[in-house]
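Source file entry_35.tsv; content: TSV, C-alpha atoms.
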```tsv
chain	number	residue	atom	x	y	z
A	123	MET	CA	-39.72	-4.15	18.43
A	124	LEU	CA	-40.65	-4.00	14.75
A	125	LEU	CA	-37.79	-1.57	14.12
A	126	GLY	CA	-35.30	-3.93	15.77
A	127	CYS	CA	-36.50	-6.89	13.69
A	128	ALA	CA	-36.27	-4.80	10.52
A	129	VAL	CA	-32.67	-3.84	11.33
A	130	VAL	CA	-31.65	-7.47	11.93
A	131	VAL	CA	-33.38	-8.68	8.76
A	132	THR	CA	-31.78	-5.99	6.58
A	133	PHE	CA	-28.32	-6.78	7.98
A	134	VAL	CA	-28.78	-10.49	7.28
A	135	ILE	CA	-29.80	-9.74	3.70
A	136	TYR	CA	-26.87	-7.33	3.34
A	137	TYR	CA	-24.50	-9.99	4.68
A	138	LEU	CA	-25.77	-12.81	2.48
A	139	LEU	CA	-25.86	-10.81	-0.75
A	140	TRP	CA	-22.58	-8.90	-0.47
A	141	ILE	CA	-20.45	-9.09	2.68
A	142	ARG	CA	-20.16	-12.88	2.78
A	143	ARG	CA	-18.25	-12.95	-0.51
A	144	MET	CA	-15.34	-11.26	1.29
A	145	THR	CA	-15.67	-12.48	4.86
A	146	ASP	CA	-16.01	-16.13	3.84
A	147	VAL	CA	-12.60	-16.20	2.14
A	148	SER	CA	-10.52	-18.36	4.48
A	149	ALA	CA	-7.27	-16.49	3.79
A	150	MET	CA	-8.92	-13.18	4.65
A	151	ARG	CA	-10.46	-14.59	7.82
A	152	ASP	CA	-7.05	-15.85	8.94
A	153	TRP	CA	-5.46	-12.50	8.10
A	154	TRP	CA	-8.09	-10.55	10.08
A	155	GLN	CA	-7.75	-12.98	12.98
A	156	VAL	CA	-3.96	-12.47	13.12
A	157	ALA	CA	-4.40	-8.69	12.78
A	158	GLY	CA	-6.88	-8.64	15.68
A	159	SER	CA	-9.67	-7.19	13.55
A	160	TYR	CA	-12.49	-9.15	15.19
A	161	LEU	CA	-14.00	-7.77	18.37
A	162	PRO	CA	-13.33	-10.02	21.38
A	163	VAL	CA	-16.31	-11.16	23.43
A	164	PRO	CA	-16.22	-8.78	26.45
A	165	ILE	CA	-16.00	-11.43	29.16
A	166	SER	CA	-12.99	-9.84	30.87
A	167	PHE	CA	-11.59	-6.38	31.46
A	168	ALA	CA	-8.75	-7.00	28.99
A	169	ALA	CA	-11.17	-8.17	26.29
A	170	ALA	CA	-13.49	-5.22	26.87
A	171	ASN	CA	-10.56	-2.78	26.74
A	172	LYS	CA	-9.32	-4.36	23.49
A	173	GLY	CA	-12.81	-4.02	22.00
A	174	ILE	CA	-13.05	-0.36	23.00
A	175	GLN	CA	-9.64	0.41	21.49
A	176	THR	CA	-10.66	-1.30	18.25
A	177	ILE	CA	-13.87	0.69	18.02
A	178	LEU	CA	-12.03	3.92	18.81
A	179	SER	CA	-9.66	3.23	15.90
A	180	LEU	CA	-12.66	3.65	13.56
A	181	PHE	CA	-13.38	7.09	14.98
A	182	GLU	CA	-9.72	8.09	14.73
A	183	ASN	CA	-9.97	7.66	10.96
A	184	LEU	CA	-12.42	10.57	10.90
A	185	GLY	CA	-9.58	13.08	11.37
A	186	VAL	CA	-8.57	15.63	13.98
A	187	CYS	CA	-12.15	16.34	15.03
A	188	TRP	CA	-12.91	12.71	15.88
A	189	PRO	CA	-13.23	13.32	19.67
A	190	ALA	CA	-16.00	15.87	19.00
A	191	ILE	CA	-17.74	13.45	16.63
A	192	LEU	CA	-17.44	10.65	19.21
A	193	ALA	CA	-18.88	12.91	21.93
A	194	CYS	CA	-21.82	13.89	19.69
A	195	PHE	CA	-22.36	10.22	18.83
A	196	ILE	CA	-22.48	9.17	22.50
A	197	VAL	CA	-24.72	12.08	23.49
A	198	GLY	CA	-26.92	11.47	20.45
A	199	SER	CA	-27.24	7.77	21.24
A	200	MET	CA	-28.26	8.41	24.85
A	201	TYR	CA	-30.63	11.20	23.84
A	202	CYS	CA	-32.32	9.16	21.09
A	203	ILE	CA	-32.80	6.17	23.38
A	204	SER	CA	-34.19	8.29	26.21
A	205	LYS	CA	-36.57	10.11	23.85
A	206	LYS	CA	-37.43	6.88	21.99
A	207	ASP	CA	-36.45	8.52	18.73
A	208	ARG	CA	-37.11	5.90	16.03
A	209	LEU	CA	-34.52	7.14	13.55
A	210	GLY	CA	-31.70	7.32	16.07
A	211	THR	CA	-32.65	4.02	17.71
A	212	GLY	CA	-32.68	2.30	14.30
A	213	ILE	CA	-29.15	3.53	13.59
A	214	ILE	CA	-27.91	2.35	16.99
A	215	LEU	CA	-29.45	-1.09	16.53
A	216	GLY	CA	-27.88	-1.43	13.08
A	217	LEU	CA	-24.41	-0.63	14.43
A	218	ALA	CA	-24.95	-2.96	17.39
A	219	VAL	CA	-25.82	-5.85	15.06
A	220	ALA	CA	-22.61	-5.24	13.07
A	221	LEU	CA	-20.53	-5.21	16.28
A	222	PHE	CA	-22.21	-8.45	17.43
A	223	ALA	CA	-21.38	-10.02	14.05
A	224	SER	CA	-17.73	-9.10	14.64
A	225	CYS	CA	-17.76	-10.79	18.06
A	226	ILE	CA	-18.85	-14.08	16.45
A	227	LYS	CA	-16.20	-13.75	13.69
A	228	PHE	CA	-18.68	-12.87	10.93
A	229	TYR	CA	-17.58	-9.30	10.27
A	230	PRO	CA	-14.14	-7.73	10.97
A	231	VAL	CA	-13.65	-4.21	12.28
A	232	VAL	CA	-11.65	-2.96	9.29
A	233	ASP	CA	-11.83	0.66	8.19
A	234	ARG	CA	-12.87	0.03	4.58
A	235	LEU	CA	-15.61	-2.43	5.62
A	236	TRP	CA	-17.03	0.09	8.07
A	237	MET	CA	-17.34	2.98	5.64
A	238	PHE	CA	-21.11	2.46	5.78
A	239	ALA	CA	-21.04	3.50	9.45
A	240	VAL	CA	-19.42	6.90	8.87
A	241	PRO	CA	-22.53	8.70	7.55
A	242	LEU	CA	-24.67	6.91	10.15
A	243	VAL	CA	-22.44	8.08	13.02
A	244	ILE	CA	-22.39	11.63	11.67
A	245	LEU	CA	-26.16	11.51	11.11
A	246	LEU	CA	-26.69	10.43	14.71
A	247	GLY	CA	-24.43	13.23	15.95
A	248	VAL	CA	-26.32	15.80	13.88
A	249	ARG	CA	-29.59	14.30	15.09
A	250	ALA	CA	-28.42	14.87	18.66
A	251	LEU	CA	-27.54	18.50	17.92
A	252	ASP	CA	-30.91	18.99	16.22
A	253	LEU	CA	-32.86	17.53	19.13
A	254	ILE	CA	-30.91	19.60	21.65
A	255	ALA	CA	-31.52	22.77	19.65
A	256	GLN	CA	-35.24	22.00	19.37
A	257	ASN	CA	-35.64	21.39	23.08
A	258	LYS	CA	-33.30	24.16	24.23
A	259	PRO	CA	-33.51	27.18	21.91
A	260	SER	CA	-30.92	28.94	24.05
A	261	ALA	CA	-28.35	26.34	22.93
A	262	LEU	CA	-28.96	26.99	19.23
A	263	VAL	CA	-25.94	29.28	18.84
A	264	SER	CA	-23.63	26.82	20.60
A	265	VAL	CA	-24.94	23.92	18.52
A	266	GLY	CA	-24.43	25.85	15.29
A	267	ALA	CA	-20.90	26.84	16.29
A	268	LEU	CA	-20.04	23.22	17.12
A	269	ALA	CA	-21.37	22.00	13.77
A	270	LEU	CA	-19.38	24.70	11.94
A	271	ILE	CA	-16.16	23.81	13.77
A	272	ALA	CA	-16.64	20.11	12.93
A	273	SER	CA	-17.12	21.00	9.25
A	274	LEU	CA	-14.02	23.20	9.15
A	275	CYS	CA	-11.94	20.49	10.85
A	276	ASN	CA	-12.67	18.08	7.99
A	277	GLU	CA	-9.19	16.95	6.94
A	278	GLY	CA	-10.41	15.84	3.56
A	279	ILE	CA	-10.79	19.43	2.38
A	280	GLY	CA	-7.14	20.28	2.97
A	281	THR	CA	-5.75	16.84	2.17
A	282	TYR	CA	-7.46	15.93	-1.07
A	283	GLY	CA	-7.35	19.46	-2.41
A	284	LYS	CA	-3.71	18.63	-3.20
A	285	ALA	CA	-3.25	16.55	-6.35
A	286	GLU	CA	-0.47	14.40	-4.88
A	287	ASN	CA	-2.76	13.18	-2.10
A	288	VAL	CA	-5.42	11.93	-4.50
A	289	TYR	CA	-3.23	8.94	-5.37
A	290	GLN	CA	-2.67	5.98	-3.07
A	291	SER	CA	0.92	4.87	-2.61
A	292	GLY	CA	1.56	1.40	-4.03
A	293	GLU	CA	-1.87	1.07	-5.64
A	294	GLU	CA	-1.75	3.13	-8.88
A	295	TYR	CA	-1.55	0.32	-11.42
A	296	LYS	CA	-3.19	2.48	-14.13
A	297	GLN	CA	0.12	4.32	-14.50
A	298	GLU	CA	1.69	0.97	-15.37
A	299	LEU	CA	-0.93	0.19	-18.01
A	300	ALA	CA	-0.34	3.60	-19.59
A	301	TYR	CA	3.39	2.84	-19.76
A	302	LEU	CA	2.78	-0.58	-21.33
A	303	ASN	CA	0.44	0.79	-23.98
A	304	ASP	CA	3.15	3.27	-24.98
A	305	HIS	CA	6.24	1.03	-24.81
A	306	ILE	CA	5.37	-2.64	-25.25
A	307	GLN	CA	6.84	-4.46	-28.26
A	308	MET	CA	5.61	-7.43	-30.27
A	309	ASP	CA	7.77	-10.04	-28.51
A	310	ASP	CA	7.17	-8.75	-24.96
A	311	MET	CA	5.00	-10.63	-22.48
A	312	VAL	CA	3.16	-9.16	-19.50
A	313	TYR	CA	2.73	-10.96	-16.18
A	314	VAL	CA	0.08	-9.47	-13.86
A	315	TYR	CA	0.72	-10.09	-10.17
A	316	ALA	CA	-2.22	-11.91	-8.53
A	317	GLN	CA	-3.49	-9.07	-6.35
A	318	THR	CA	-3.35	-6.64	-9.27
A	319	VAL	CA	-5.51	-8.90	-11.48
A	320	PRO	CA	-8.95	-7.54	-10.40
A	321	GLY	CA	-8.00	-3.93	-11.08
A	322	PHE	CA	-6.13	-4.83	-14.25
A	323	GLU	CA	-9.13	-6.69	-15.64
A	324	TYR	CA	-11.47	-3.88	-14.66
A	325	THR	CA	-9.32	-1.37	-16.55
A	326	ASN	CA	-8.05	-3.47	-19.45
A	327	GLY	CA	-11.24	-5.47	-19.96
A	328	PHE	CA	-12.47	-8.73	-18.50
A	329	ASP	CA	-11.34	-11.87	-20.34
A	330	ASN	CA	-8.91	-9.70	-22.29
A	331	ASP	CA	-5.45	-11.27	-22.44
A	332	SER	CA	-3.97	-8.61	-24.73
A	333	ILE	CA	-2.48	-5.17	-24.24
A	334	GLY	CA	-0.81	-2.59	-26.44
A	335	GLY	CA	-2.40	-3.93	-29.59
A	336	TYR	CA	-0.60	-7.30	-29.53
A	337	PRO	CA	-2.62	-10.53	-29.11
A	338	HIS	CA	-2.41	-12.97	-26.19
A	339	ASN	CA	0.52	-11.30	-24.44
A	340	VAL	CA	-0.92	-11.12	-20.90
A	341	ILE	CA	-0.58	-13.80	-18.18
A	342	MET	CA	-2.72	-13.50	-15.04
A	343	GLY	CA	-0.95	-14.45	-11.82
A	344	LYS	CA	-2.60	-16.60	-9.17
A	345	THR	CA	-0.20	-16.62	-6.22
A	346	LEU	CA	1.78	-14.39	-3.86
A	347	PHE	CA	5.57	-14.41	-3.62
A	348	THR	CA	5.98	-14.22	0.14
A	349	PRO	CA	9.20	-15.97	1.31
A	350	MET	CA	8.82	-19.43	2.75
A	351	GLU	CA	9.67	-18.31	6.27
A	352	GLN	CA	10.29	-14.94	7.84
A	353	ARG	CA	9.79	-13.50	11.29
A	354	ASP	CA	7.56	-10.61	12.29
A	355	PRO	CA	9.86	-8.23	14.23
A	356	GLU	CA	6.95	-6.81	16.29
A	357	THR	CA	5.49	-10.07	17.57
A	358	ASP	CA	8.53	-12.33	16.98
A	359	THR	CA	6.20	-14.88	15.40
A	360	LEU	CA	7.06	-16.93	12.35
A	361	LEU	CA	5.28	-15.94	9.16
A	362	SER	CA	5.11	-18.75	6.66
A	363	CYS	CA	3.63	-19.47	3.26
A	364	GLU	CA	1.15	-21.81	4.93
A	365	LYS	CA	-0.27	-18.91	6.95
A	366	TYR	CA	-0.93	-17.02	3.72
A	367	HIS	CA	-2.39	-20.11	2.02
A	368	ILE	CA	0.30	-20.02	-0.66
A	369	ASP	CA	0.63	-23.05	-2.90
A	370	LEU	CA	4.39	-23.50	-3.21
A	371	GLN	CA	3.97	-25.60	-6.34
A	372	ALA	CA	1.93	-22.83	-7.97
A	373	GLN	CA	4.51	-20.26	-6.84
A	374	GLY	CA	7.30	-22.28	-8.44
A	375	ASP	CA	5.35	-22.73	-11.66
A	376	GLU	CA	4.69	-19.00	-11.98
A	377	LEU	CA	8.34	-18.19	-11.30
A	378	LYS	CA	9.31	-20.50	-14.17
A	379	THR	CA	6.71	-18.88	-16.41
A	380	VAL	CA	8.04	-15.36	-15.85
A	381	MET	CA	11.65	-16.45	-16.25
A	382	SER	CA	10.95	-18.44	-19.42
A	383	TYR	CA	10.33	-15.35	-21.57
A	384	PRO	CA	13.22	-13.34	-23.09
A	385	SER	CA	11.34	-10.13	-22.24
A	386	CYS	CA	8.58	-9.94	-19.63
A	387	TYR	CA	6.97	-6.98	-17.86
A	388	VAL	CA	5.62	-7.58	-14.34
A	389	VAL	CA	2.63	-5.45	-13.32
A	390	THR	CA	2.25	-5.03	-9.55
A	391	SER	CA	0.23	-3.22	-6.90
A	392	HIS	CA	-0.91	-3.90	-3.33
A	393	THR	CA	2.33	-5.74	-2.56
A	394	LEU	CA	2.71	-4.14	0.89
A	395	LYS	CA	5.95	-2.54	2.03
A	396	PRO	CA	9.05	-4.02	0.32
A	397	LYS	CA	11.28	-6.03	2.67
A	398	SER	CA	8.59	-5.98	5.38
A	399	PRO	CA	7.53	-9.25	7.07
A	400	HIS	CA	4.36	-9.31	4.96
A	401	ASP	CA	6.07	-8.40	1.65
A	402	ARG	CA	4.34	-10.28	-1.18
A	403	MET	CA	6.85	-9.84	-4.04
A	404	ARG	CA	10.30	-10.54	-2.63
A	405	VAL	CA	10.73	-14.06	-3.98
A	406	LEU	CA	9.86	-13.01	-7.54
A	407	VAL	CA	12.02	-9.87	-7.49
A	408	GLU	CA	15.04	-11.69	-6.06
A	409	THR	CA	14.65	-14.45	-8.64
A	410	MET	CA	14.51	-11.95	-11.51
A	411	GLN	CA	17.54	-10.09	-10.15
A	412	SER	CA	19.60	-13.27	-9.92
A	413	ASP	CA	19.10	-14.38	-13.53
A	414	GLY	CA	19.16	-11.95	-16.45
A	415	PHE	CA	18.54	-8.24	-16.13
A	416	LEU	CA	15.85	-6.33	-14.23
A	417	ASP	CA	14.71	-2.74	-14.75
A	418	LEU	CA	12.25	-0.75	-12.66
A	419	VAL	CA	10.64	1.04	-15.61
A	420	SER	CA	7.78	2.77	-13.78
A	421	TYR	CA	7.46	3.73	-10.13
A	422	GLU	CA	4.76	6.37	-10.11
A	423	HIS	CA	3.33	6.74	-6.59
A	424	LYS	CA	5.57	3.85	-5.47
A	425	THR	CA	3.72	1.35	-7.66
A	426	ALA	CA	6.30	-0.79	-9.42
A	427	LEU	CA	6.32	-1.97	-13.03
A	428	TRP	CA	9.27	-4.30	-13.63
A	429	HIS	CA	10.91	-5.41	-16.86
A	430	HIS	CA	12.89	-8.65	-16.84
A	431	TYR	CA	14.93	-9.50	-19.94
A	432	VAL	CA	17.91	-11.58	-21.06
A	433	SER	CA	19.50	-9.36	-23.71
A	434	LEU	CA	21.60	-6.39	-22.61
A	435	GLU	CA	20.36	-4.56	-25.71
A	436	ASP	CA	16.98	-4.14	-23.96
A	437	CYS	CA	18.54	-2.40	-20.96
A	438	LYS	CA	16.91	0.93	-20.06
A	439	THR	CA	19.13	1.63	-17.05
A	440	LYS	CA	21.94	4.14	-17.58
A	441	ALA	CA	23.79	6.46	-15.24
A	442	GLU	CA	26.36	9.23	-15.50
A	443	LEU	CA	28.82	10.19	-12.76
A	444	ARG	CA	30.38	13.64	-12.24
A	445	HIS	CA	32.55	14.94	-9.44
A	446	GLU	CA	33.50	18.16	-7.73
A	447	ARG	CA	35.84	18.84	-4.86
A	448	VAL	CA	34.58	19.71	-1.41
A	449	ASP	CA	35.68	23.27	-0.66
A	450	GLY	CA	38.92	23.36	1.33
A	451	SER	CA	39.39	19.58	1.31
A	452	GLU	CA	41.81	17.40	-0.62
A	453	SER	CA	40.46	14.16	0.81
A	454	SER	CA	36.74	14.54	0.05
A	455	ALA	CA	34.60	15.06	-3.03
A	456	TRP	CA	30.99	15.14	-4.14
A	457	ILE	CA	29.93	12.63	-6.79
A	458	THR	CA	26.75	13.48	-8.68
A	459	VAL	CA	24.81	10.40	-9.76
A	460	GLU	CA	22.49	11.30	-12.64
A	461	ASN	CA	19.94	9.00	-14.24
A	462	ILE	CA	20.27	9.42	-18.00
A	463	GLY	CA	18.38	6.23	-18.86
A	464	GLU	CA	14.69	5.39	-19.32
A	465	ALA	CA	14.33	3.25	-16.17
A	466	TYR	CA	14.71	4.12	-12.50
A	467	LEU	CA	18.12	3.93	-10.82
A	468	GLY	CA	17.79	1.79	-7.71
A	469	ASN	CA	14.69	-0.04	-6.58
A	470	PRO	CA	12.90	-0.84	-3.30
A	471	TYR	CA	14.46	-4.31	-3.07
A	472	ASP	CA	18.07	-3.48	-3.86
A	473	SER	CA	20.84	-1.22	-2.64
A	474	LEU	CA	22.55	1.15	-5.05
A	475	CYS	CA	26.01	2.24	-3.98
A	476	LEU	CA	29.29	3.79	-5.07
A	477	GLU	CA	32.14	1.32	-4.58
A	478	ARG	CA	35.64	2.73	-4.15
A	479	ASP	CA	38.50	0.83	-5.77
A	480	ASP	CA	39.60	-0.53	-2.37
A	481	GLY	CA	36.13	-1.93	-1.60
A	482	ALA	CA	34.73	0.91	0.55
A	483	MET	CA	31.01	1.49	-0.05
A	484	TYR	CA	28.98	4.72	-0.16
A	485	SER	CA	25.21	4.25	-0.24
A	486	VAL	CA	23.01	6.05	-2.77
A	487	GLU	CA	19.84	6.45	-0.74
A	488	ASP	CA	17.45	7.76	-3.39
A	489	ILE	CA	15.53	5.87	-6.07
A	490	LEU	CA	16.18	8.16	-9.03
A	491	ALA	CA	13.55	8.69	-11.70
A	492	PRO	CA	14.77	9.30	-15.28
A	493	GLY	CA	16.40	12.72	-15.51
A	494	LYS	CA	16.90	13.05	-11.72
A	495	SER	CA	20.19	13.19	-9.83
A	496	THR	CA	21.60	13.09	-6.31
A	497	LYS	CA	24.92	13.89	-4.65
A	498	VAL	CA	27.02	11.55	-2.51
A	499	ARG	CA	29.99	12.67	-0.45
A	500	VAL	CA	32.98	10.33	-0.71
A	501	SER	CA	36.48	10.10	0.73
A	502	LEU	CA	39.54	9.92	-1.54
A	503	HIS	CA	42.91	8.21	-1.27
A	504	GLY	CA	45.67	10.23	0.30
A	505	GLU	CA	47.86	9.56	-2.73
A	506	GLY	CA	47.06	8.70	-6.35
A	507	ASP	CA	43.79	8.68	-8.25
A	508	THR	CA	40.59	7.23	-6.76
A	509	GLN	CA	38.15	5.23	-8.85
A	510	PHE	CA	34.45	4.73	-8.05
A	511	THR	CA	31.94	2.32	-9.59
A	512	LEU	CA	28.15	2.64	-9.35
A	513	ARG	CA	26.73	-0.81	-8.71
A	514	TYR	CA	23.70	-2.66	-7.39
A	515	GLY	CA	23.90	-4.83	-4.31
A	516	PHE	CA	22.03	-7.86	-5.70
A	517	ASN	CA	21.25	-7.05	-9.32
A	518	LYS	CA	24.90	-7.58	-10.19
A	519	ASN	CA	24.34	-8.14	-13.92
A	520	MET	CA	23.29	-4.54	-14.52
A	521	PRO	CA	25.63	-2.18	-16.42
A	522	ARG	CA	27.90	-0.10	-14.20
A	523	ALA	CA	29.04	3.50	-14.41
A	524	GLU	CA	32.60	4.45	-13.40
A	525	ILE	CA	34.48	7.63	-12.59
A	526	THR	CA	38.10	8.37	-11.69
A	527	ILE	CA	38.89	11.34	-9.48
A	528	PRO	CA	42.50	12.47	-9.94
A	529	HIS	CA	44.70	13.25	-6.97
A	530	ALA	CA	44.76	16.97	-6.20
```
For the structure just supplied, provide its representation as structure tokens.
Amino acid sequence: MLLGCAVVVTFVIYYLLWIRRMTDVSAMRDWWQVAGSYLPVPISFAAANKGIQTILSLFENLGVCWPAILACFIVGSMYCISKKDRLGTGIILGLAVALFASCIKFYPVVDRLWMFAVPLVILLGVRALDLIAQNKPSALVSVGALALIASLCNEGIGTYGKAENVYQSGEEYKQELAYLNDHIQMDDMVYVYAQTVPGFEYTNGFDNDSIGGYPHNVIMGKTLFTPMEQRDPETDTLLSCEKYHIDLQAQGDELKTVMSYPSCYVVTSHTLKPKSPHDRMRVLVETMQSDGFLDLVSYEHKTALWHHYVSLEDCKTKAELRHERVDGSESSAWITVENIGEAYLGNPYDSLCLERDDGAMYSVEDILAPGKSTKVRVSLHGEGDTQFTLRYGFNKNMPRAEITIPHA
């Protein structure tokens, strides 16, 4: 009884001092509600099944050995309760309180908010193995083998031993700050997208509105740039700015701010997948593409740093086209598109293509980093020379590269 009270009290303190700061944000509550992150009250078979699937999703994050961990957890829970083991019972009560809090919409079942449970679940599983080994010495070898297999199945060892897996796609804003410190000029401004602000301030310094050695050249964003209305293809429901608590007036004001500077870098991260229903940058990117020039100057680990400018002299995008005939064919050729500029060729929001002189289009699928190239197979006219132009789909103001392939 005392142990149960202690668990409830500690969770309440934990909630009031830390968790509430996140779970009380209305926009986050609405997001978690739409995403189905709260456990339903199990008053029906469908609700109970949904709750079980949600809980299982937490175990699935533990890697390929998650069924073994789940089995140990269940066995450990039953064993600890039957043996009145205080340590195991305390862990179970703590997890039960958190699940109850989710049912009453206080605490979502989201992987990053349940990281605290991972060591507890593993501890309970190990506790079960330990108790079994103590009570049945004959099972000691089997228990040890199971524990060894679980350790060797840890995906983190193989995954994060590779340098490329240490970085999180779309979240590596520090690469952008490094670029700015090396390249920013006196008259450049920097706009930091709203959801990048916390990390930017943590890295660049709180209350610091300067970067690269130039004073007062940083503007902190406060809004998302989700389109006014778009439809979720999976649920066929309308996603609107109101659902994301976006102030359209604030969005318009920030668009004007970015566009008012002759040269402005836009620092982004955590924008979600470009062109997806929940994309948070599309309005800003499309606005920048429609007026002036727009370069994608850094795209390390798919985290975009943009540069919007009005003078073509600031352009960092440059391409070179070369051709070679396809063996045994007079009507086909390979065109090599090489990035010889300082910015990326192509970007996640635009289509890069080779346009033939009669209007036929050949897509360039890759986003090319500086110094990289790709080949595109094209068809030629039956008679006469054939001209191709490398162009963007929407960012039409950007410089174009051209090549003429003579008739064989």
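Straight-line separation from CA of Val340 (chain A) to CA of Val312 (chain A): 4.7 Å.
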Residue among A:Asp375, A:Phe516, A:Val197, A:Leu502 lying closest to Met410 (chain A), counting all atoms listed in the file: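 Among the listed residues, A:Phe516 lies closest to Met410 (chain A).
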Which one is closest to Asp401 (chain A): A:Leu346, A:Ala523, A:Leu377, A:Ile177? Count all atoms listed in the file.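 Ranked by minimum distance to Asp401 (chain A), first place goes to A:Leu346.
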Rounded to one decimal, what separation in Å do you get between CA of Tyr514 (chain A) and CA of Arg402 (chain A)?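 Value for the CA of Tyr514 (chain A)-CA of Arg402 (chain A) distance: 21.7 Å.
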In Å, how far is it from CA of Met308 (chain A) to CA of Tyr431 (chain A)?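 It comes out at 14.1 Å.
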Which residues of region 451-523 of chain A come within 10 Å of region 379-400 of chain A, and what is each one's closest atom pair and distance in Å (one decimal), counting all atoms listed in the file, sorted by chain and residue number, as a tab-separated table?
```
residue	atom	partner	partner_atom	distance
A:Asn469	CA	A:Pro396	CA	9.8
A:Pro470	CA	A:Pro396	CA	6.2
A:Tyr471	CA	A:Pro396	CA	6.4
A:Asp472	CA	A:Lys397	CA	9.8
```
Show me the residues close to (14.1, 9.6, -9.9) - anything with an atom within 10 Å, counting only C-alpha atoms - and format the list as a list in words.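 Checking each residue against the 10 Å limit leaves Tyr421, Glu422, Glu460, Asn461, Ala465, Tyr466, Leu467, Gly468, Asp488, Ile489, Leu490, Ala491, Pro492, Gly493, Lys494, Ser495 and Thr496 of chain A.
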